[in-house]
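S.K.: Shown below is the structure under consideration.
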Amino acid sequence: MSSRFSATLPLLAALTFSLLPSVHAHSNGMDMSMDGSMDLAAGQMLTYLHFTPGDIVLFYGWVPSSKGAMVGACIGLFLFALIERWIGACRSVMEAHWRTRAQIVQADRINLPTGSGKKTAFPSGRIRDTLTLRNAPPFIPAHDIARGVLHAAQVAIQFAFMLIVMSFQVGFIMSIIIGLSVGETLFGRFASHASLH
């Protein structure tokens, strides 16, 4: 076995060295130094906190370059943050509703009569299922698919916020923070009330 390995080792080394020239980095005209700002098609990306207009907000079509456009972009981001908190509150309220509905479905399954003509209060297998912690809530497609869609929407908005914050534009960052704060003030009570039930 070791002679077979030692015979293939030179072949493997020759193949590796023959492919080595094809693997090299191209500059593609990009300066990879991080000392200054990065040139983009629509302007420059500053790598420090700033208030200057001209940063891309998620899309090339949304590049506020005047003071009025910056105010409009900040208002849009504020409203976007409110929507994110509203979706979070809707999720919490729906989770409480779904939890109650799942408990009802689970209780109905436990109380079903057995196949025999004799009616018992609790069949032995169902007693074991109710007493053990291995009893998970049932999969209800109407609940679980909607839960997944709401979660995906909320995560997509949060990733968009991350990309916007990475522009280092202080106006955008403050708009998102204030929007999330106001949204939590407006909709947070629904989420906390839903978790109490």
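By order in the structure tokens, chains are A, B, ...; within a chain, residues start at 1; ligands start at 1, following the order shown.
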Need to verify the contact set: segment 102-106 of chain A, 7 Å, only C-alpha atoms, exclusion of same-chain residues closer than 4 positions in sequence. Can you return it as a ChimeraX atom specification?
M.R.: /A:98,110,137-138
S.K.: Atom CA of Leu186 of chain A and atom CA of Ala146 of chain A, how far apart in Å?
M.R.: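 Here the two named atoms are 23.2 Å from each other.
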S.K.: Which residues come within 8 Å of segment 150-155 of chain A, counting only C-alpha atoms, excluding same-chain residues fewer than 3 positions away, as a ChimeraX atom specification?
M.R.: /A:84,87-88,91,146-147,158-159
S.K.: Choose the residue, out of A:Phe59, A:Pro141, A:Pro10, A:Val182, that has the smallest atom-to-atom separation from Ala160 of chain A; count only C-alpha atoms.
M.R.: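 Distance minimum relative to Ala160 of chain A lands on A:Phe59.
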S.K.: So which residues touch Ser181 of chain A within 9 Å, counting only C-alpha atoms, skipping near sequence neighbours fewer than 6 positions away, as a PDB file with N, CA and C atoms, in the first residue's frame?
M.R.:
ATOM      1  N   ALA A  81     -37.798  51.427   9.004  1.00  0.00           N
ATOM      2  CA  ALA A  81     -37.539  50.917  10.356  1.00  0.00           C
ATOM      3  C   ALA A  81     -38.845  50.716  11.126  1.00  0.00           C
ATOM      4  N   LEU A  82     -39.810  51.632  10.934  1.00  0.00           N
ATOM      5  CA  LEU A  82     -41.120  51.440  11.562  1.00  0.00           C
ATOM      6  C   LEU A  82     -41.781  50.148  11.072  1.00  0.00           C
ATOM      7  N   ARG A  85     -40.339  47.055  12.806  1.00  0.00           N
ATOM      8  CA  ARG A  85     -40.866  46.860  14.165  1.00  0.00           C
ATOM      9  C   ARG A  85     -42.322  46.407  14.126  1.00  0.00           C
TER      10      ARG A  85
END
S.K.: Please report the interatomic distance between atom CA of His193 of chain A and atom CA of Met174 of chain A in Å with one decimal.
M.R.: 28.1 Å
S.K.: Could you jot down the atom CA of Met45 of chain A to atom CA of Ser167 of chain A separation for me, Å, one decimal place?
M.R.: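 Between these atoms lies a distance of 7.0 Å.
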S.K.: Residues at most 8 Å from Leu58 of chain A, counting only C-alpha atoms, excluding those fewer than 3 positions away in the same chain, as a compact mmCIF listing (two decimals) with all heavy atoms, in the first residue's frame?
M.R.:
# COMPACT_ATOMS: atom_id res chain seq x y z
N TRP A 62 -31.03 54.71 -6.02
CA TRP A 62 -31.32 55.47 -4.80
C TRP A 62 -30.00 56.03 -4.26
O TRP A 62 -29.41 55.50 -3.34
CB TRP A 62 -31.99 54.58 -3.78
CG TRP A 62 -32.63 55.30 -2.63
CD1 TRP A 62 -32.70 56.65 -2.43
CD2 TRP A 62 -33.28 54.71 -1.50
NE1 TRP A 62 -33.35 56.93 -1.26
CE2 TRP A 62 -33.73 55.75 -0.68
CE3 TRP A 62 -33.53 53.40 -1.12
CZ2 TRP A 62 -34.40 55.52 0.52
CZ3 TRP A 62 -34.20 53.18 0.06
CH2 TRP A 62 -34.64 54.23 0.87
N ALA A 160 -30.90 44.45 5.11
CA ALA A 160 -30.87 45.72 4.39
C ALA A 160 -30.36 46.83 5.30
O ALA A 160 -29.57 47.68 4.89
CB ALA A 160 -32.26 46.05 3.85
N LEU A 163 -26.62 46.61 5.53
CA LEU A 163 -25.95 47.17 4.36
C LEU A 163 -25.97 48.69 4.37
O LEU A 163 -25.01 49.34 3.98
CB LEU A 163 -26.61 46.63 3.09
CG LEU A 163 -26.40 45.15 2.82
CD1 LEU A 163 -27.24 44.71 1.64
CD2 LEU A 163 -24.93 44.85 2.59
N ILE A 164 -27.08 49.26 4.82
CA ILE A 164 -27.18 50.72 4.88
C ILE A 164 -26.22 51.28 5.93
O ILE A 164 -25.55 52.29 5.71
CB ILE A 164 -28.63 51.15 5.16
CG1 ILE A 164 -29.51 50.80 3.96
CG2 ILE A 164 -28.71 52.62 5.47
CD1 ILE A 164 -30.99 50.88 4.22
S.K.: Name the closest residue to Pro64 of chain A among the candidates A:Phe172, A:Phe187, A:Trp86, A:Phe139; distances are taken between atoms, counting only C-alpha atoms.
M.R.: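 Using only C-alpha atoms, Pro64 of chain A sits closest to A:Phe172.
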